[in-house]
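What follows is the content of protein.tsv (TSV, C-alpha atoms).
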```
chain	number	residue	atom	x	y	z
A	1	MET	CA	-10.49	11.86	-20.77
A	2	LYS	CA	-10.59	8.63	-18.81
A	3	ALA	CA	-9.44	8.61	-15.19
A	4	TYR	CA	-6.59	6.19	-15.88
A	5	GLU	CA	-5.28	8.45	-18.67
A	6	ARG	CA	-5.03	11.29	-16.18
A	7	LEU	CA	-3.27	8.98	-13.74
A	8	LEU	CA	-0.64	8.07	-16.32
A	9	ASN	CA	0.13	11.77	-16.73
A	10	TYR	CA	0.21	12.55	-13.01
A	11	VAL	CA	2.52	9.72	-11.97
A	12	LYS	CA	5.27	11.12	-14.18
A	13	ILE	CA	5.53	14.10	-11.82
A	14	HIS	CA	7.80	13.53	-8.84
A	15	THR	CA	5.90	14.59	-5.71
A	16	THR	CA	7.39	12.54	-2.87
A	17	SER	CA	7.09	14.32	0.49
A	18	ASP	CA	9.86	14.49	3.10
A	19	GLU	CA	9.22	13.48	6.71
A	20	GLU	CA	12.43	15.24	7.85
A	21	SER	CA	11.41	18.61	6.41
A	22	THR	CA	9.69	21.28	8.51
A	23	SER	CA	8.56	23.44	5.58
A	24	SER	CA	5.06	23.48	4.09
A	25	PRO	CA	4.94	21.78	1.70
A	26	THR	CA	7.76	19.52	2.79
A	27	THR	CA	9.02	19.37	-0.81
A	28	HIS	CA	8.68	22.18	-3.35
A	29	ARG	CA	8.23	19.66	-6.19
A	30	GLN	CA	4.63	19.12	-5.11
A	31	PHE	CA	3.87	22.51	-6.66
A	32	ASP	CA	4.58	20.97	-10.09
A	33	LEU	CA	1.49	18.81	-9.84
A	34	ALA	CA	-0.53	21.50	-8.04
A	35	GLU	CA	-0.01	24.01	-10.83
A	36	LEU	CA	-0.89	21.43	-13.49
A	37	LEU	CA	-4.12	20.60	-11.68
A	38	VAL	CA	-5.11	24.24	-11.44
A	39	GLN	CA	-4.53	24.62	-15.17
A	40	GLU	CA	-6.63	21.54	-15.94
A	41	MET	CA	-9.41	22.70	-13.62
A	42	LYS	CA	-9.56	26.09	-15.35
A	43	GLU	CA	-9.70	24.36	-18.73
A	44	LEU	CA	-12.75	22.47	-17.46
A	45	GLY	CA	-14.39	25.77	-16.53
A	46	ILE	CA	-13.64	25.83	-12.80
A	47	THR	CA	-12.93	29.55	-12.72
A	48	ASP	CA	-11.97	29.85	-9.05
A	49	ALA	CA	-9.27	27.15	-9.21
A	50	ARG	CA	-6.10	28.23	-7.43
A	51	VAL	CA	-3.08	26.95	-5.55
A	52	ALA	CA	-2.31	28.57	-2.20
A	53	GLU	CA	1.19	29.51	-1.11
A	54	ASN	CA	1.36	26.36	1.06
A	55	CYS	CA	0.54	24.16	-1.98
A	56	TYR	CA	-3.13	23.44	-1.29
A	57	VAL	CA	-5.31	23.38	-4.40
A	58	TYR	CA	-8.88	24.70	-4.24
A	59	GLY	CA	-11.71	24.87	-6.74
A	60	SER	CA	-15.48	24.63	-6.82
A	61	ILE	CA	-18.35	23.94	-9.18
A	62	PRO	CA	-21.46	26.02	-8.41
A	63	ALA	CA	-24.73	24.23	-7.75
A	64	THR	CA	-26.97	23.62	-10.75
A	65	PRO	CA	-30.35	25.43	-10.87
A	66	GLY	CA	-32.70	24.00	-8.28
A	67	CYS	CA	-29.92	22.49	-6.17
A	68	GLU	CA	-28.66	25.66	-4.51
A	69	ASP	CA	-30.06	24.56	-1.15
A	70	LYS	CA	-28.29	21.21	-1.17
A	71	PRO	CA	-25.30	20.77	1.17
A	72	ALA	CA	-21.93	21.70	-0.30
A	73	LEU	CA	-20.11	18.42	-0.87
A	74	GLY	CA	-16.32	18.14	-0.97
A	75	PHE	CA	-13.91	15.65	-2.54
A	76	LEU	CA	-10.26	15.51	-1.49
A	77	ALA	CA	-7.11	13.65	-2.49
A	78	HIS	CA	-3.42	14.18	-1.79
A	79	MET	CA	-0.68	15.03	-4.26
A	80	ASP	CA	2.38	13.64	-2.47
A	81	THR	CA	3.64	10.09	-2.69
A	82	ALA	CA	5.14	8.12	0.18
A	83	PRO	CA	8.84	8.46	1.05
A	84	ASP	CA	8.92	4.71	1.80
A	85	PHE	CA	10.08	3.88	-1.73
A	86	CYS	CA	11.37	5.68	-4.81
A	87	GLY	CA	8.74	7.91	-6.42
A	88	GLU	CA	10.88	9.44	-9.16
A	89	ASN	CA	11.10	8.41	-12.82
A	90	VAL	CA	7.95	6.30	-12.65
A	91	HIS	CA	7.40	4.17	-15.75
A	92	PRO	CA	3.92	2.59	-15.62
A	93	GLN	CA	3.45	-0.78	-17.30
A	94	ILE	CA	0.06	-1.33	-18.97
A	95	ARG	CA	-1.36	-4.78	-19.66
A	96	GLU	CA	-4.65	-4.88	-21.52
A	97	ASN	CA	-6.90	-7.90	-21.00
A	98	TYR	CA	-4.79	-9.09	-18.06
A	99	ASP	CA	-4.83	-12.89	-17.77
A	100	GLY	CA	-4.88	-13.07	-13.95
A	101	GLN	CA	-1.44	-14.70	-13.84
A	102	THR	CA	1.98	-13.68	-12.53
A	103	VAL	CA	3.33	-10.42	-13.96
A	104	THR	CA	7.04	-9.66	-14.34
A	105	LEU	CA	7.77	-6.08	-13.31
A	106	GLY	CA	10.17	-4.84	-15.94
A	107	GLN	CA	13.80	-5.88	-15.51
A	108	SER	CA	13.70	-5.46	-11.73
A	109	GLY	CA	13.52	-9.15	-10.87
A	110	ARG	CA	10.27	-8.55	-8.98
A	111	VAL	CA	6.99	-10.24	-9.87
A	112	LEU	CA	3.36	-9.56	-9.05
A	113	SER	CA	1.82	-12.94	-8.32
A	114	PRO	CA	-1.61	-14.25	-7.28
A	115	GLU	CA	0.12	-16.30	-4.59
A	116	THR	CA	1.11	-13.08	-2.82
A	117	PHE	CA	-1.85	-10.97	-3.98
A	118	PRO	CA	-4.87	-13.34	-4.32
A	119	HIS	CA	-7.17	-10.56	-5.51
A	120	LEU	CA	-5.27	-10.47	-8.84
A	121	VAL	CA	-7.43	-13.37	-10.07
A	122	LYS	CA	-10.48	-11.11	-9.80
A	123	LEU	CA	-8.80	-8.52	-12.03
A	124	LYS	CA	-8.61	-10.92	-14.98
A	125	GLY	CA	-9.79	-9.29	-18.21
A	126	ARG	CA	-9.09	-5.76	-17.03
A	127	THR	CA	-6.42	-3.28	-18.07
A	128	LEU	CA	-3.79	-3.68	-15.35
A	129	ILE	CA	-1.42	-0.81	-14.57
A	130	THR	CA	1.72	-1.68	-12.59
A	131	THR	CA	5.18	-0.32	-11.90
A	132	ASP	CA	8.36	-1.53	-13.60
A	133	GLY	CA	9.51	-2.79	-10.20
A	134	THR	CA	11.98	0.04	-9.53
A	135	THR	CA	9.58	2.66	-8.15
A	136	LEU	CA	6.18	2.93	-6.58
A	137	LEU	CA	3.32	3.78	-8.95
A	138	GLY	CA	1.86	6.81	-7.19
A	139	ALA	CA	-1.76	5.71	-7.46
A	140	ASP	CA	-1.77	6.60	-3.77
A	141	ASP	CA	-3.15	9.12	-4.23
A	142	LYS	CA	-2.85	10.33	-7.80
A	143	ALA	CA	-5.59	7.85	-8.67
A	144	GLY	CA	-7.89	9.70	-6.29
A	145	ILE	CA	-6.94	13.00	-7.94
A	146	ALA	CA	-7.60	11.56	-11.40
A	147	GLU	CA	-11.00	10.23	-10.34
A	148	ILE	CA	-12.05	13.54	-8.79
A	149	MET	CA	-10.93	15.44	-11.88
A	150	THR	CA	-12.89	13.03	-14.07
A	151	LEU	CA	-15.91	13.47	-11.80
A	152	ALA	CA	-15.66	17.23	-12.28
A	153	GLN	CA	-15.42	16.86	-16.05
A	154	ARG	CA	-18.48	14.60	-16.15
A	155	LEU	CA	-20.56	16.90	-13.96
A	156	ILE	CA	-19.73	19.93	-16.08
A	157	GLU	CA	-19.90	18.41	-19.56
A	158	GLU	CA	-22.99	16.27	-18.95
A	159	LYS	CA	-24.75	19.04	-17.00
A	160	LEU	CA	-25.70	16.61	-14.25
A	161	PRO	CA	-27.68	18.07	-11.32
A	162	HIS	CA	-25.66	18.69	-8.17
A	163	GLY	CA	-25.23	20.96	-5.20
A	164	LYS	CA	-22.05	22.97	-4.81
A	165	ILE	CA	-19.04	20.71	-5.35
A	166	CYS	CA	-15.83	21.60	-3.55
A	167	ILE	CA	-12.52	20.17	-4.77
A	168	GLY	CA	-9.32	20.08	-2.75
A	169	PHE	CA	-5.90	18.57	-3.32
A	170	THR	CA	-3.48	18.54	-0.40
A	171	PRO	CA	0.27	18.09	0.03
A	172	ASP	CA	2.10	16.03	2.64
A	173	GLU	CA	-0.57	13.48	3.60
A	174	GLU	CA	2.04	10.73	3.60
A	175	VAL	CA	4.03	12.46	6.34
A	176	GLY	CA	0.96	13.18	8.48
A	177	SER	CA	0.53	16.92	7.95
A	178	GLY	CA	-1.69	17.09	4.87
A	179	ALA	CA	-4.91	18.13	6.58
A	180	GLU	CA	-3.44	20.74	8.89
A	181	GLY	CA	-3.07	23.50	6.31
A	182	LEU	CA	-6.39	23.06	4.53
A	183	ASP	CA	-8.36	26.32	4.83
A	184	LEU	CA	-11.82	24.95	5.64
A	185	PRO	CA	-13.75	28.19	4.95
A	186	ALA	CA	-11.93	28.55	1.62
A	187	PHE	CA	-12.65	24.91	0.79
A	188	GLY	CA	-16.32	25.56	1.48
A	189	ALA	CA	-17.75	22.07	2.02
A	190	LYS	CA	-20.21	21.03	4.72
A	191	TYR	CA	-19.37	17.36	4.26
A	192	ALA	CA	-16.59	15.68	2.30
A	193	TYR	CA	-14.99	12.44	1.21
A	194	THR	CA	-11.33	11.66	0.79
A	195	VAL	CA	-10.72	9.40	-2.21
A	196	ASP	CA	-7.63	7.66	-0.90
A	197	GLY	CA	-8.39	4.01	-0.24
A	198	GLY	CA	-8.12	0.57	-1.79
A	199	ALA	CA	-10.68	-1.43	-3.75
A	200	GLU	CA	-13.44	0.43	-5.57
A	201	ASN	CA	-16.13	-0.84	-3.15
A	202	GLU	CA	-14.27	0.26	-0.02
A	203	ILE	CA	-15.74	2.66	2.54
A	204	VAL	CA	-13.81	3.61	5.66
A	205	TYR	CA	-14.97	5.65	8.61
A	206	GLU	CA	-12.96	3.93	11.33
A	207	ASN	CA	-9.22	4.34	11.56
A	208	PHE	CA	-6.44	3.95	14.08
A	209	ASN	CA	-5.69	6.33	16.88
A	210	ALA	CA	-2.03	7.03	16.24
A	211	ALA	CA	1.08	8.38	17.92
A	212	ALA	CA	4.82	8.44	17.36
A	213	ALA	CA	7.07	7.44	20.28
A	214	ASP	CA	10.82	8.03	20.58
A	215	PHE	CA	13.05	6.71	23.35
A	216	LYS	CA	16.41	8.45	23.67
A	217	VAL	CA	18.91	6.59	25.83
A	218	ASN	CA	21.97	8.14	27.47
A	219	GLY	CA	24.61	5.61	28.44
A	220	PHE	CA	27.84	5.90	30.42
A	221	ASN	CA	30.86	4.97	28.35
A	222	ILE	CA	34.07	3.89	30.04
A	223	HIS	CA	36.97	1.65	29.08
A	224	PRO	CA	35.63	-1.92	29.12
A	225	GLY	CA	38.56	-3.03	31.24
A	226	ASP	CA	37.34	-0.78	34.03
A	227	ALA	CA	33.60	-1.05	33.34
A	228	LYS	CA	32.36	-3.19	36.24
A	229	ASP	CA	29.45	-1.51	38.02
A	230	LYS	CA	30.09	1.69	36.07
A	231	MET	CA	29.28	1.25	32.37
A	232	ILE	CA	25.73	1.74	31.11
A	233	ASN	CA	25.59	0.52	27.52
A	234	ALA	CA	22.91	2.63	25.81
A	235	SER	CA	22.42	0.10	23.00
A	236	LEU	CA	21.79	-2.71	25.49
A	237	VAL	CA	19.36	-0.52	27.44
A	238	ALA	CA	17.52	0.15	24.17
A	239	MET	CA	17.26	-3.59	23.56
A	240	GLU	CA	15.91	-3.99	27.09
A	241	ILE	CA	13.26	-1.36	26.41
A	242	ASN	CA	12.09	-3.14	23.27
A	243	ASN	CA	11.92	-6.44	25.15
A	244	MET	CA	9.57	-4.85	27.68
A	245	LEU	CA	6.92	-4.50	24.96
A	246	PRO	CA	4.64	-7.49	24.21
A	247	ALA	CA	6.08	-9.43	21.26
A	248	ALA	CA	2.63	-10.51	20.08
A	249	GLU	CA	1.51	-6.91	19.66
A	250	ARG	CA	3.54	-6.14	16.55
A	251	PRO	CA	2.08	-5.39	13.09
A	252	GLU	CA	3.08	-8.78	11.72
A	253	HIS	CA	0.91	-10.52	14.34
A	254	THR	CA	-2.18	-8.30	14.33
A	255	GLU	CA	-5.22	-7.60	12.13
A	256	ARG	CA	-8.51	-5.65	11.93
A	257	TYR	CA	-9.15	-3.94	15.29
A	258	GLU	CA	-5.98	-5.21	16.97
A	259	GLY	CA	-3.48	-2.50	17.82
A	260	PHE	CA	0.30	-2.65	17.88
A	261	TYR	CA	3.68	-1.16	18.74
A	262	HIS	CA	5.87	-0.95	15.65
A	263	LEU	CA	9.62	-0.35	15.88
A	264	THR	CA	10.39	1.72	12.79
A	265	SER	CA	14.06	2.51	13.38
A	266	MET	CA	16.87	2.10	15.89
A	267	GLU	CA	20.45	3.26	16.20
A	268	GLY	CA	22.95	3.19	18.97
A	269	THR	CA	26.40	3.17	20.46
A	270	VAL	CA	27.54	2.57	24.02
A	271	GLU	CA	26.99	6.23	24.79
A	272	HIS	CA	23.74	7.04	22.97
A	273	ALA	CA	20.83	5.10	21.46
A	274	GLN	CA	17.42	5.84	20.04
A	275	LEU	CA	14.31	3.75	19.35
A	276	SER	CA	11.47	5.09	17.21
A	277	TYR	CA	8.00	3.53	17.26
A	278	ILE	CA	4.57	4.14	15.86
A	279	VAL	CA	1.71	3.18	18.18
A	280	ARG	CA	-1.74	2.29	16.86
A	281	ASP	CA	-5.13	1.18	18.21
A	282	HIS	CA	-8.76	1.64	17.12
A	283	SER	CA	-10.00	1.83	20.70
A	284	SER	CA	-9.31	5.15	22.39
A	285	ALA	CA	-9.12	3.44	25.78
A	286	ARG	CA	-6.63	0.83	24.59
A	287	PHE	CA	-4.64	3.49	22.76
A	288	ASP	CA	-4.32	5.57	25.91
A	289	SER	CA	-3.30	2.42	27.78
A	290	ARG	CA	-0.54	1.80	25.25
A	291	LEU	CA	0.84	5.28	25.77
A	292	GLU	CA	0.73	4.73	29.52
A	293	THR	CA	2.71	1.50	29.06
A	294	LEU	CA	5.45	3.47	27.29
A	295	ARG	CA	5.53	6.02	30.11
A	296	LEU	CA	5.81	3.18	32.64
A	297	ILE	CA	8.78	1.75	30.73
A	298	GLU	CA	10.51	5.14	30.83
A	299	LYS	CA	9.91	5.35	34.59
A	300	THR	CA	11.06	1.78	35.25
A	301	VAL	CA	14.29	2.10	33.28
A	302	ASN	CA	15.17	5.41	34.91
A	303	GLU	CA	14.59	3.89	38.34
A	304	LYS	CA	16.93	1.04	37.42
A	305	TYR	CA	19.78	3.00	35.79
A	306	GLY	CA	19.33	6.49	37.16
A	307	PRO	CA	17.34	9.63	36.32
A	308	GLY	CA	17.82	10.92	32.81
A	309	THR	CA	18.96	7.61	31.35
A	310	VAL	CA	15.86	7.45	29.17
A	311	THR	CA	13.70	10.22	27.75
A	312	LEU	CA	10.40	9.37	26.07
A	313	THR	CA	8.81	11.75	23.57
A	314	LEU	CA	5.23	11.10	22.45
A	315	GLN	CA	3.57	12.88	19.54
A	316	GLU	CA	-0.09	12.27	18.81
A	317	GLN	CA	-0.70	11.99	15.05
A	318	TYR	CA	-4.43	11.42	14.51
A	319	ARG	CA	-7.54	10.01	16.16
A	320	ASN	CA	-10.25	7.56	15.11
A	321	MET	CA	-12.78	9.50	13.04
A	322	GLU	CA	-15.69	7.19	13.93
A	323	GLU	CA	-16.98	9.43	16.73
A	324	LYS	CA	-17.24	12.35	14.29
A	325	ILE	CA	-18.87	10.35	11.49
A	326	ARG	CA	-21.52	8.60	13.61
A	327	PRO	CA	-23.73	11.74	13.77
A	328	CYS	CA	-23.47	12.03	9.95
A	329	MET	CA	-24.15	8.47	8.84
A	330	HIS	CA	-25.87	9.74	5.68
A	331	LEU	CA	-22.30	10.00	4.34
A	332	ILE	CA	-21.90	6.27	4.73
A	333	ASP	CA	-25.45	5.39	3.69
A	334	ASN	CA	-25.19	7.34	0.43
A	335	ALA	CA	-21.84	5.74	-0.38
A	336	ILE	CA	-23.26	2.27	0.34
A	337	ASP	CA	-26.28	2.92	-1.89
A	338	SER	CA	-24.09	4.23	-4.69
A	339	ILE	CA	-21.85	1.15	-4.59
A	340	ARG	CA	-24.78	-1.27	-4.44
A	341	ALA	CA	-26.42	0.46	-7.40
A	342	LEU	CA	-23.38	-0.58	-9.43
A	343	GLY	CA	-23.86	-4.24	-8.51
A	344	MET	CA	-21.14	-4.44	-5.85
A	345	GLU	CA	-21.31	-5.24	-2.15
A	346	PRO	CA	-19.74	-2.43	-0.10
A	347	ASP	CA	-16.69	-3.28	1.98
A	348	VAL	CA	-17.19	-1.18	5.11
A	349	SER	CA	-14.21	-2.01	7.27
A	350	PRO	CA	-11.72	-0.31	9.58
A	351	ILE	CA	-8.53	0.97	8.02
A	352	ARG	CA	-5.28	-0.02	9.70
A	353	GLY	CA	-3.83	3.41	9.16
A	354	GLY	CA	-5.07	6.96	8.84
A	355	THR	CA	-6.09	9.50	6.22
A	356	ASP	CA	-6.51	13.23	5.90
A	357	GLY	CA	-10.18	12.54	6.56
A	358	ALA	CA	-9.48	11.60	10.16
A	359	ARG	CA	-7.82	14.91	10.93
A	360	LEU	CA	-10.40	16.87	8.96
A	361	SER	CA	-13.25	15.18	10.80
A	362	PHE	CA	-11.80	16.38	14.10
A	363	ARG	CA	-11.37	19.86	12.62
A	364	GLY	CA	-15.11	19.98	11.96
A	365	LEU	CA	-15.42	18.58	8.42
A	366	PRO	CA	-16.92	15.06	8.58
A	367	CYS	CA	-14.89	13.20	5.99
A	368	PRO	CA	-14.93	9.39	5.51
A	369	ASN	CA	-12.65	7.71	2.98
A	370	LEU	CA	-13.49	5.94	-0.27
A	371	GLY	CA	-11.49	3.49	-2.35
A	372	THR	CA	-9.53	4.39	-5.49
A	373	GLY	CA	-9.38	0.92	-7.02
A	374	GLY	CA	-5.68	0.56	-6.16
A	375	TYR	CA	-3.68	-2.06	-4.28
A	376	ALA	CA	-0.30	-2.62	-2.58
A	377	PHE	CA	0.51	1.03	-2.04
A	378	HIS	CA	3.87	2.43	-0.92
A	379	GLY	CA	6.09	0.05	-2.86
A	380	PRO	CA	7.08	-1.53	-6.17
A	381	TYR	CA	4.08	-3.89	-6.20
A	382	GLU	CA	1.54	-1.07	-6.37
A	383	HIS	CA	-1.10	-1.63	-9.05
A	384	ILE	CA	-4.52	-0.51	-10.23
A	385	THR	CA	-6.90	-1.14	-13.12
A	386	ALA	CA	-8.46	1.28	-15.59
A	387	GLU	CA	-11.84	-0.35	-15.04
A	388	GLY	CA	-11.56	-0.01	-11.27
A	389	MET	CA	-10.91	3.70	-11.65
A	390	ASP	CA	-13.92	4.05	-13.96
A	391	THR	CA	-16.04	2.36	-11.32
A	392	VAL	CA	-14.85	4.78	-8.63
A	393	VAL	CA	-15.90	7.69	-10.83
A	394	GLU	CA	-19.36	6.14	-11.09
A	395	VAL	CA	-19.48	5.73	-7.31
A	396	LEU	CA	-18.67	9.41	-6.88
A	397	LEU	CA	-21.31	10.40	-9.43
A	398	GLY	CA	-23.84	8.28	-7.57
A	399	ILE	CA	-23.03	9.99	-4.28
A	400	VAL	CA	-23.37	13.43	-5.84
A	401	ALA	CA	-26.73	12.43	-7.35
A	402	ARG	CA	-28.04	11.22	-4.00
A	403	TYR	CA	-27.22	14.52	-2.33
A	404	ALA	CA	-28.76	16.41	-5.23
A	405	ASN	CA	-31.97	14.44	-4.77
```
Would you write out, as structure tokens, the structure that this file holds?
Amino acid sequence: MKAYERLLNYVKIHTTSDEESTSSPTTHRQFDLAELLVQEMKELGITDARVAENCYVYGSIPATPGCEDKPALGFLAHMDTAPDFCGENVHPQIRENYDGQTVTLGQSGRVLSPETFPHLVKLKGRTLITTDGTTLLGADDKAGIAEIMTLAQRLIEEKLPHGKICIGFTPDEEVGSGAEGLDLPAFGAKYAYTVDGGAENEIVYENFNAAAADFKVNGFNIHPGDAKDKMINASLVAMEINNMLPAAERPEHTERYEGFYHLTSMEGTVEHAQLSYIVRDHSSARFDSRLETLRLIEKTVNEKYGPGTVTLTLQEQYRNMEEKIRPCMHLIDNAIDSIRALGMEPDVSPIRGGTDGARLSFRGLPCPNLGTGGYAFHGPYEHITAEGMDTVVEVLLGIVARYAN
């Protein structure tokens, strides 16, 4: 079975995670895909395939004769889709021999155009898979799952030489908790790759340092006719807080290694208000400085309006994996060689986000990220090509071969 055929099956299963939930997994529906994957793995001959009670899927392929001493190599992808946009009732649209021009996404009124997505021109002649404009596609990261499953099938059926191969599928990556529950001894890998990125030639081992920041503002509400020198309008204080952050350091004004403060939500009345931010920077020093800026704002506002007016809560989410990958650069070198062997130039660039691999690297499993062949994740413009997915499978096979040799 081709990787894209698996993808078309997987995206039909609703697996959106829930950032408000405290359970693990955050949504029980992720078990639907987990149980299907275990069944498919067993049909391939992966006898130890199983799903744990927290919805983590494990399986392994023993080393072939002569490769028992090779390092155990892991491949990971996540089963959940992002809560940013509807992930239910996905109806993929397939266009064979795509002409590189604007695509109408079903009856949604949305279009996929080269003006907005210039890379579409390079996909001309391929089999393009899109949404119908009413949901996301779910290639993030069901494409990665499909490619790993196809890798496993190829290794087993073609009897290709390899060390022990460890396979893991995680829940809840999209809400930042996917790597926490992975049982590393049960997974069994010495090194691993997440297959959860963009173009098929992408390699990522640098990511943002990340934190969530919430300001809660307590105002003092009194009749406006008697408000002079008494009222503290929590909504106006919240606006003041936001204006204390540098306007140029927002996502819409930054790129590559430039960090940002991103206001994700706000609500307020005279009496209470709340601002929620995500804070990102590749540099650990600059990241720590950003957090200190937020603490200074809390202090300054409380000095102005009185103690307890503002409460800042910071929650660290993940760190830049670069420091953990640098001692294991064979992971990057082997991926580069595998991509170049297929006639492509590797795109080794920092990701302006994070992956399970970042958390896993800090837990002791060095784990850079590879592309899936997909684009425009987390929304109705998400798309991928069958040929791109085939190429990713070949990249994975090349990496496995290099470790076997």
Check which residues of stretch 158-233 of chain A sit at most 12 Å from stretch 75-99 of chain A using only C-alpha atoms, and return one row each with the closest pair of atoms and their distance in Å to one decimal, ordered by chain and rising number, as a Markdown table.
```
| residue | atom | partner | partner_atom | distance |
| --- | --- | --- | --- | --- |
| A:Lys164 | CA | A:Phe75 | CA | 11.2 |
| A:Ile165 | CA | A:Phe75 | CA | 7.7 |
| A:Cys166 | CA | A:Phe75 | CA | 6.3 |
| A:Ile167 | CA | A:Phe75 | CA | 5.2 |
| A:Gly168 | CA | A:Leu76 | CA | 4.8 |
| A:Phe169 | CA | A:Ala77 | CA | 5.1 |
| A:Thr170 | CA | A:His78 | CA | 4.6 |
| A:Pro171 | CA | A:Met79 | CA | 5.4 |
| A:Asp172 | CA | A:Asp80 | CA | 5.6 |
| A:Glu173 | CA | A:His78 | CA | 6.1 |
| A:Glu174 | CA | A:Ala82 | CA | 5.3 |
| A:Val175 | CA | A:Ala82 | CA | 7.6 |
| A:Gly176 | CA | A:Ala82 | CA | 10.6 |
| A:Ser177 | CA | A:His78 | CA | 10.9 |
| A:Gly178 | CA | A:His78 | CA | 7.5 |
| A:Ala179 | CA | A:His78 | CA | 9.4 |
| A:Leu182 | CA | A:Leu76 | CA | 10.4 |
| A:Leu184 | CA | A:Leu76 | CA | 11.9 |
| A:Phe187 | CA | A:Phe75 | CA | 9.9 |
| A:Gly188 | CA | A:Phe75 | CA | 11.0 |
| A:Ala189 | CA | A:Phe75 | CA | 8.8 |
| A:Lys190 | CA | A:Phe75 | CA | 11.0 |
| A:Tyr191 | CA | A:Phe75 | CA | 8.9 |
| A:Ala192 | CA | A:Phe75 | CA | 5.5 |
| A:Tyr193 | CA | A:Phe75 | CA | 5.1 |
| A:Thr194 | CA | A:Leu76 | CA | 4.6 |
| A:Val195 | CA | A:Ala77 | CA | 5.6 |
| A:Asp196 | CA | A:Ala77 | CA | 6.2 |
| A:Gly197 | CA | A:Ala77 | CA | 10.0 |
```
When you draw a straight line from atom CA of A:Ile129 to atom CA of A:Val111, how long is it in Å?
->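 These two atoms are separated by 13.5 Å.
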Hey, what's within 10 Å of stretch 375-388 of chain A if we count all atoms listed in the file and toss same-chain stuff fewer than 3 positions away? As a PyMOL selection string, please?
-> chain A and resi 2-5+7+81-87+92-96+98+105+108+110-113+117+119-120+123+125-141+143+174+197-201+371-372+391-394
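Atom CA of A:Asn207 sits 9.7 Å away from atom CA of A:Pro368.
When all atoms listed in the file are used to measure the gap to A:Tyr10, the shortest distance among A:Arg286, A:His330, A:Lys142, A:Lys216 belongs to A:Lys142.
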If you measure from atom CA of A:Met266 to atom CA of A:Thr300, what distance in Å do you get, rounded to one decimal?
-> 20.2 Å
Closest to A:Ile325 among A:Asn369, A:Ser283, A:Ser338, A:Thr116, using only C-alpha atoms?
->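 Result for the nearest residue to A:Ile325: A:Asn369.
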Pick from A:Ala404, A:Ala52, A:Leu360, A:Leu314: nearest to A:Ala211, with only C-alpha atoms counted?
-> A:Leu314
Selection: 8 Å around A:Tyr257, all atoms listed in the file, excl. self and same-chain fewer than 5 positions, as a list in words =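 So, after excluding close chain neighbours, the residues are Asp281, His282, Ser283, Pro350 and Arg352 of chain A.
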Could you tell me which of A:Thr16, A:Asn218, A:Asn302, A:Thr22 comes closest to A:Ala273 if we count all atoms listed in the file?
->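 Using all atoms listed in the file, A:Ala273 sits closest to A:Asn218.
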Tell me which of A:Asp288, A:Glu298, A:Asp229, A:Asp214 sits closest to A:Thr264, counting all atoms listed in the file.
->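 With all atoms listed in the file as the atom set, the closest residue is A:Asp214.
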Residue contacts of A:Leu44 (9 Å, all atoms listed in the file) excluding same-chain residues fewer than 4 positions away, as a PyMOL selection string | chain A and resi 39-40+152-153+156-157
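In terms of minimum interatomic distance to A:Asp333, A:Tyr403 ranks closest within A:Tyr261, A:Tyr403, A:Tyr56, A:Phe31, counting all atoms listed in the file.
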Residues within 12 Å of (-9.2, 20.3, 13.2), file coords, all atoms listed in the file, listed as an MDAnalysis selection string | chainID A and resid 177:184 318:319 321 324 356:367
Would you save the residues from that selection as a short mmCIF file (atom, residue, chain, number, x, y, z; two decimals), keeping the file's coordinate frame, using C-alpha atoms?
```cif
data_model
loop_
_atom_site.label_atom_id
_atom_site.label_comp_id
_atom_site.auth_asym_id
_atom_site.auth_seq_id
_atom_site.Cartn_x
_atom_site.Cartn_y
_atom_site.Cartn_z
CA SER A 177 0.53 16.92 7.95
CA GLY A 178 -1.69 17.09 4.87
CA ALA A 179 -4.91 18.13 6.58
CA GLU A 180 -3.44 20.74 8.89
CA GLY A 181 -3.07 23.50 6.31
CA LEU A 182 -6.39 23.06 4.53
CA ASP A 183 -8.36 26.32 4.83
CA LEU A 184 -11.82 24.95 5.64
CA TYR A 318 -4.43 11.42 14.51
CA ARG A 319 -7.54 10.01 16.16
CA MET A 321 -12.78 9.50 13.04
CA LYS A 324 -17.24 12.35 14.29
CA ASP A 356 -6.51 13.23 5.90
CA GLY A 357 -10.18 12.54 6.56
CA ALA A 358 -9.48 11.60 10.16
CA ARG A 359 -7.82 14.91 10.93
CA LEU A 360 -10.40 16.87 8.96
CA SER A 361 -13.25 15.18 10.80
CA PHE A 362 -11.80 16.38 14.10
CA ARG A 363 -11.37 19.86 12.62
CA GLY A 364 -15.11 19.98 11.96
CA LEU A 365 -15.42 18.58 8.42
CA PRO A 366 -16.92 15.06 8.58
CA CYS A 367 -14.89 13.20 5.99
#
```
